[in-house]
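Take a look at the structure below.
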Amino acid sequence: MWLGEQDLSHRIDMLQSTLLQDKGSERKVTRDLPVGNGHLLVNHDLAGNIRCIYYPHAGHENHALDHLSRFGVWVDGAFFWLGDSELSIDREYRDDSMVAHFVVKHARLGLTLDIEDVVDHHSNVFIRRVGVQDTLGVPRSVRLFFHLDINLYGSQIANTCYFDPDLQSIVFYKGHRYVSLSSGVVAPQFSVQCDGYACGQKGIHGLEGTWKDAEDGRLEGFPISQGSIDGVVQLNVDVEANQKAEGWFWFCFGKSLNEVKAVEKDVRTQGPDDFLTRTLAHWRRWVDRDRHPIERLPDDIAKAYRTSLLIIRTNTDHDGAFIAANDSTMLTSAQDTYSYMWPRDGALIAHALDRSGYHDLTRGFFSFCKRVITPEGYLMHKYNPDGSVGASWLAWINAKGERQLPIQEDETALVLYALWNHYEVSDTLDDSLDDFENMVIPAANFMVDFRDENGLPKPSYDLWEERFGIFAFTAASVYQGLLAAAKFADFHGDEKLRAKYAKAAEEVKEAIVHHFYDANQARFVRALYPVDEHGYRGYVKDMEPDSSLYALFDFDVVPAGDERVENTMRFLRETLWVPTEIGGIARYRNDRYYAQVGEQSNVPGNPWFICTLWYAEWLLARAVSQADLDEALGMLRWCVQRALPSGVMAEQVHPFTGEPLSVSPLTWSHATYIKVVQEFLAAQERLGV
């Protein structure tokens with residue numbers, strides 16, 4: 001029998017399950033190799049085509065709207081698009097940089113394309129270098145076609161594109177959004193070169209788009225179109241036998257035509273090759289700022305660590321939001337995405353980045369949270385990158401019609417936990433007064449008051465956004481959030497608040513140990529559901545295994561080596577390890593989110609990167625031998641092996657094939673990988689190995 005508080009959660013579970021069943025009939029196009037600068041973000045599919053274009057925030061206003069922008073080649077009377085079945089492709093980031101690199105080969109036509117994509121680290125311009133190499137041993141005349149399917153402000157309505165004769169570029173615009181699409185060569189000297197163009201409509205009147213016009217190797221030159229539009233530019237390159245020639249394409253974003261023209265002027269003055277070179281150097285300097293001795297790590301683990309730092313940076317907006325994932329494939333199911341800032345994800349990302357020394361990025365995140373925290377002292381479910389509240393399914397009333405807060409309290413608590421870490425590791429506590437007064441005190445007061453008669457947090461939604469109750473993960477995070485608040489109060493000399501927050505933290509800790517531990521099973525339980533509103537009559541225990549129970553040791557409620565934690569973590573390993581060749585750890589038993597197997601299968605659910613890493617973190621926290629380190633290293637290597645060749649880690653993977661499922665990349669996956677690598681290095685040092 002479901003309790004009243006759970007009825008709504010169960011209905012949400014069933015709705016999500018239905019949506020996912022609907023989605024199962026669709027083919028997910030995995031995202032890979034995002035490039036960006038905090039204002040402009042571009043994401044690719046596995047073929048190297050552009051799928052997502054965000055501006056002016058990383059993750060907000062997707063001007064591609066999940067539509068495919070194509071890149072095509074005509075040679076010797078034949079034509080192909082990237083993604084053609086005859087092509088082979090290798091893709092990766094250039095080492096220690098946010099430069100996407102694709103090597104595309106067409107054996108029958110005797111062509112190799114060497115493609116590099118980058119968003120300039122300073123200006124809002126995307127640049128593509130295309131090296132074209134002949135492998136047949138004969139001179140070739142090659143025509144390259146760059147197509148953009150633009151939907152400004154995320155809408156197909158009322159767009160315009162036209163060919164600008166002064167720029168020799170296609171210009172797209174609507175309202176305060178302008179984009180120019182240009183092409184040229186840099187040798188023997190830079191010059192803009194447009195050998196053809198077409199502007200047109202798509203998706204209406206039976207029109208597929210101007211990309212169809214390119215397939216005969218010649219563009220008709222339609223000069224303007226409006227409504228639902230796209231455009232293509234053509235660049236011709238001559239390639240000598242067994243030699244390589246280069247072509248360049250770029251598109252610039254701005255909020256006015258003059259702003260776009262200013263960026264175009266910079267690109268044309270300096271040359272797009274200079275932009276690529278300077279951005280490559282910038283990201284290599286940036287990733288070198290990490291202060292951990294990663295040279296002690298195996299090469300594959302170290303490379304994934306550096307790549308993870310860069311991918312997190314790609315998903316960081318200039319206004320401070322850490323975006324969960326910029327993958328628009330989810331638009332095909334629930335008509336929503338992961339392009340939001342979840343305070344929980346953001347706090348844990350900030351925690352890892354602060355340990356790496358990137359305090360400037362995390363400072364922006366905490367300023368964001370201070371701007372959006374409610375007067376009552378809690379943070380909402382999720383936010384858009386511009387600070388507005390994001391779409392949500394967390395209800396304000398339960399199935400009985402009673403008021404409840406639509407929050408996950410861990411999101412408020414973890415921000416305070418990460419904020420203290422930020423000031424402590426950056427040695428800037430002297431600058432923390434404003435944050436203490438305007439964020440810490442309201443949030444801590446809320447957490448003190450939002451407790452039941454036993455000292456536990458009142459019910460809220462769990463970190464998986466599926467159940468309503470009191471969860472071990474949430475309670476552990478509240479303990480740490482209150483401890484952080486007490487430390488801030490102590491630093492700023494407020495003894496009354498220090499005592500208040502410290503007392504509440506200790507009460508939460510004692511209540512967790514007392515109520516969440518089940519003596520019969522000799523382990524901790526996932527959740528408690530109050531029998532009455534205030535907890536007077538006790539709780540119903542949720543005995544299901546859940547990987548989020550790692551929080552009990554990670555947030556220092558109970559030591560990692562405590563027998564009760566040992567029993568809990570071993571139980572999770574036994575029940576949630578995926579017993580296939582893929583392996584990894586699932587979130588919980590019978591997980592239906594992107595489920596690939598039925599509930600009667602011995603596979604508990606899809607393996608998640610973060611869940612697998614949490615178990616590795618426990619191994620490291622209680623490591624006493626090289627064998628413990630080796631087991632944890634194996635799980636780090638599992639993440640490297642289950643990532644895409646580029647190093648991109650999705651949210652979860654298929655339990656039988658290992659292919660990415662849900663969004664890709666998930667910023668939380670990469671942040672957790674970074675943290676666990678840091679813990680691995682710390683454990684090595686502690687054990688002297």
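Chain lettering (A, B, ...) mirrors the order of the structure tokens, residue numbering begins at 1 for each chain separately, and ligand numbering begins at 1 in order of display.
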Which residues in segment 491-606 of chain A does DSSP call strand (DSSP E)? List them as a PDB file with C-alpha atoms, in the first residue's frame.
```pdb
ATOM      1  CA  TYR A 517      19.929   2.111  10.428  1.00  0.00           C
ATOM      2  CA  ASP A 518      18.100  -1.209  10.325  1.00  0.00           C
ATOM      3  CA  ARG A 523      22.697  -1.776   7.112  1.00  0.00           C
ATOM      4  CA  PHE A 524      21.317   1.666   6.383  1.00  0.00           C
ATOM      5  CA  ALA A 527      14.421   6.431   2.839  1.00  0.00           C
ATOM      6  CA  LEU A 528      11.886   6.953   5.575  1.00  0.00           C
ATOM      7  CA  TYR A 529       8.231   7.777   4.963  1.00  0.00           C
ATOM      8  CA  PRO A 530       6.542   9.395   7.994  1.00  0.00           C
ATOM      9  CA  TYR A 539       8.427   5.969   9.829  1.00  0.00           C
ATOM     10  CA  VAL A 540       8.036   3.263   7.228  1.00  0.00           C
ATOM     11  CA  LYS A 541      11.487   2.203   6.049  1.00  0.00           C
ATOM     12  CA  ASP A 542      12.334   1.953   2.349  1.00  0.00           C
ATOM     13  CA  ILE A 585      26.522   0.061 -10.992  1.00  0.00           C
ATOM     14  CA  ALA A 586      22.866   1.025 -11.409  1.00  0.00           C
TER      15      ALA A 586
END
```
Point to revise | Neighbour list for Tyr358 of chain A as a list in words, cut-off 12 Å, only C-alpha atoms, skip fewer than 2 positions in-chain | key: Trp286, Val287, Asp288, Arg289, Asp290, Arg291, Leu309, Leu310, Ile312, Arg313, Ile349, Ala350, His351, Ala352, Leu353, Asp354, Arg355, Ser356, Asp360, Leu361, Thr362, Arg363, Gly364, Phe365, His422, Val425 and Ser426 of chain A
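Using only C-alpha atoms, the contacts of segment 649-663 of chain A at a cut-off of 6 Å, with sequence neighbours closer than 4 positions omitted, comprise Asp327, Ile582, Asn606, Pro607, Trp608 and Ala643 of chain A.
The closest residue to Thr112 of chain A, picked from A:Ala245, A:Ala486, A:Ala78, A:Met98 and counting only C-alpha atoms, is A:Ala245.
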Practice item. With a distance cut-off of 8 Å and only C-alpha atoms, select the neighbouring residues of segment 43-54 of chain A, excluding the residue or stretch itself and same-chain residues fewer than 5 positions from it, and output the selection as JSON, numbers by chain. Key: {"A": [29, 30, 31, 32, 33, 34, 35, 59, 60, 61, 62, 63, 64, 65, 66, 67, 68, 69, 70, 71, 82, 83, 89, 91, 102, 326, 327, 328]}
Save the residues we just selected, N, CA and C atoms, as a compact mmCIF listing (two decimals), in the first residue's frame?
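Heads up, here's the output in again20.txt:
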```
# COMPACT_ATOMS: atom_id res chain seq x y z
N VAL A 29 20.35 10.14 -31.33
CA VAL A 29 21.57 10.55 -32.00
C VAL A 29 22.51 11.10 -30.94
N THR A 30 23.52 10.34 -30.58
CA THR A 30 24.39 10.69 -29.47
C THR A 30 25.14 11.97 -29.76
N ARG A 31 25.26 12.82 -28.75
CA ARG A 31 26.01 14.06 -28.86
C ARG A 31 27.46 13.81 -28.44
N ASP A 32 28.36 14.56 -29.06
CA ASP A 32 29.78 14.38 -28.81
C ASP A 32 30.51 15.69 -29.08
N LEU A 33 31.66 15.84 -28.43
CA LEU A 33 32.62 16.90 -28.72
C LEU A 33 32.01 18.31 -28.70
N PRO A 34 31.40 18.71 -27.60
CA PRO A 34 30.93 20.10 -27.50
C PRO A 34 32.11 21.07 -27.47
N VAL A 35 31.93 22.23 -28.07
CA VAL A 35 32.94 23.30 -28.03
C VAL A 35 32.22 24.59 -27.70
N GLY A 59 23.64 26.71 -23.10
CA GLY A 59 22.46 25.95 -22.71
C GLY A 59 21.15 26.69 -22.82
N HIS A 60 21.15 27.92 -23.28
CA HIS A 60 19.90 28.66 -23.34
C HIS A 60 19.80 29.39 -24.67
N GLU A 61 18.64 29.18 -25.30
CA GLU A 61 18.32 29.52 -26.68
C GLU A 61 19.11 28.59 -27.60
N ASN A 62 18.48 27.49 -27.92
CA ASN A 62 19.08 26.53 -28.86
C ASN A 62 18.62 26.89 -30.26
N HIS A 63 19.49 27.53 -31.01
CA HIS A 63 19.11 28.03 -32.33
C HIS A 63 19.17 26.95 -33.41
N ALA A 64 19.60 25.76 -33.02
CA ALA A 64 19.52 24.62 -33.95
C ALA A 64 18.23 23.85 -33.72
N LEU A 65 17.72 23.87 -32.49
CA LEU A 65 16.46 23.20 -32.16
C LEU A 65 16.51 21.71 -32.50
N ASP A 66 17.68 21.12 -32.32
CA ASP A 66 17.91 19.70 -32.59
C ASP A 66 17.81 19.35 -34.09
N HIS A 67 17.77 20.36 -34.96
CA HIS A 67 17.77 20.09 -36.39
C HIS A 67 19.20 19.84 -36.87
N LEU A 68 19.33 19.07 -37.89
CA LEU A 68 20.64 18.69 -38.41
C LEU A 68 21.18 19.76 -39.35
N SER A 69 22.37 20.28 -39.05
CA SER A 69 23.11 21.12 -39.99
C SER A 69 24.17 20.25 -40.64
N ARG A 70 24.19 20.25 -41.95
CA ARG A 70 24.97 19.26 -42.69
C ARG A 70 26.27 19.85 -43.25
N PHE A 71 27.21 18.94 -43.51
CA PHE A 71 28.42 19.32 -44.24
C PHE A 71 28.60 18.31 -45.37
N LEU A 82 28.50 14.27 -44.49
CA LEU A 82 29.04 13.61 -43.30
C LEU A 82 27.94 12.73 -42.71
N GLY A 83 28.32 11.52 -42.37
CA GLY A 83 27.34 10.55 -41.90
C GLY A 83 26.99 9.51 -42.94
N ILE A 89 35.15 7.34 -39.75
CA ILE A 89 35.45 8.58 -39.04
C ILE A 89 36.13 8.28 -37.71
N ARG A 91 37.22 10.50 -34.25
CA ARG A 91 36.89 11.79 -33.65
C ARG A 91 37.48 11.85 -32.24
N PHE A 102 38.12 15.73 -36.33
CA PHE A 102 37.50 14.62 -37.05
C PHE A 102 38.39 14.25 -38.24
N ASN A 326 23.97 19.75 -22.30
CA ASN A 326 23.43 20.47 -23.46
C ASN A 326 23.26 19.48 -24.61
N ASP A 327 22.23 18.67 -24.47
CA ASP A 327 21.94 17.60 -25.42
C ASP A 327 20.45 17.69 -25.73
N SER A 328 20.14 18.12 -26.93
CA SER A 328 18.74 18.40 -27.28
C SER A 328 17.98 17.18 -27.76
```
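For the residues A:Ser646, A:Thr135, A:Asn124, A:Gln480, ranking by smallest atom-to-atom distance to Arg94 of chain A using only C-alpha atoms places A:Ser646 first.
The two atoms in question, atom CA of Tyr173 of chain A and atom CA of Lys255 of chain A, are spaced 9.1 Å apart.
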**Study point:** Distance query Asp120 of chain A at most 6 Å, only C-alpha atoms, self and fewer than 3 positions along chain excluded, as a PyMOL selection string
**Key:** chain A and resi 123+125+279
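The neighbours of segment 336-344 of chain A here are the residues that come within 7 Å of it, using only C-alpha atoms and leaving out any residue fewer than 6 positions away in the same chain; they are Gly59, His60, Ala321, Phe322, Ile323, Ala324, Ala325, Asn326, Asp327, Ser328, Met330, His381, Lys382, Tyr383, Asn384, Pro385, Gly390, Asp410, Glu411, Leu414 and Val415 of chain A.
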**Study point:** Interatomic distance (Å, one decimal) between atom CA of Gly200 of chain A and atom CA of Ser225 of chain A
**Key:** 5.2 Å
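Across A:Leu40, A:Val689, A:Val267, A:Val389, the tightest approach to Val192 of chain A is made by A:Val267 when counting only C-alpha atoms.
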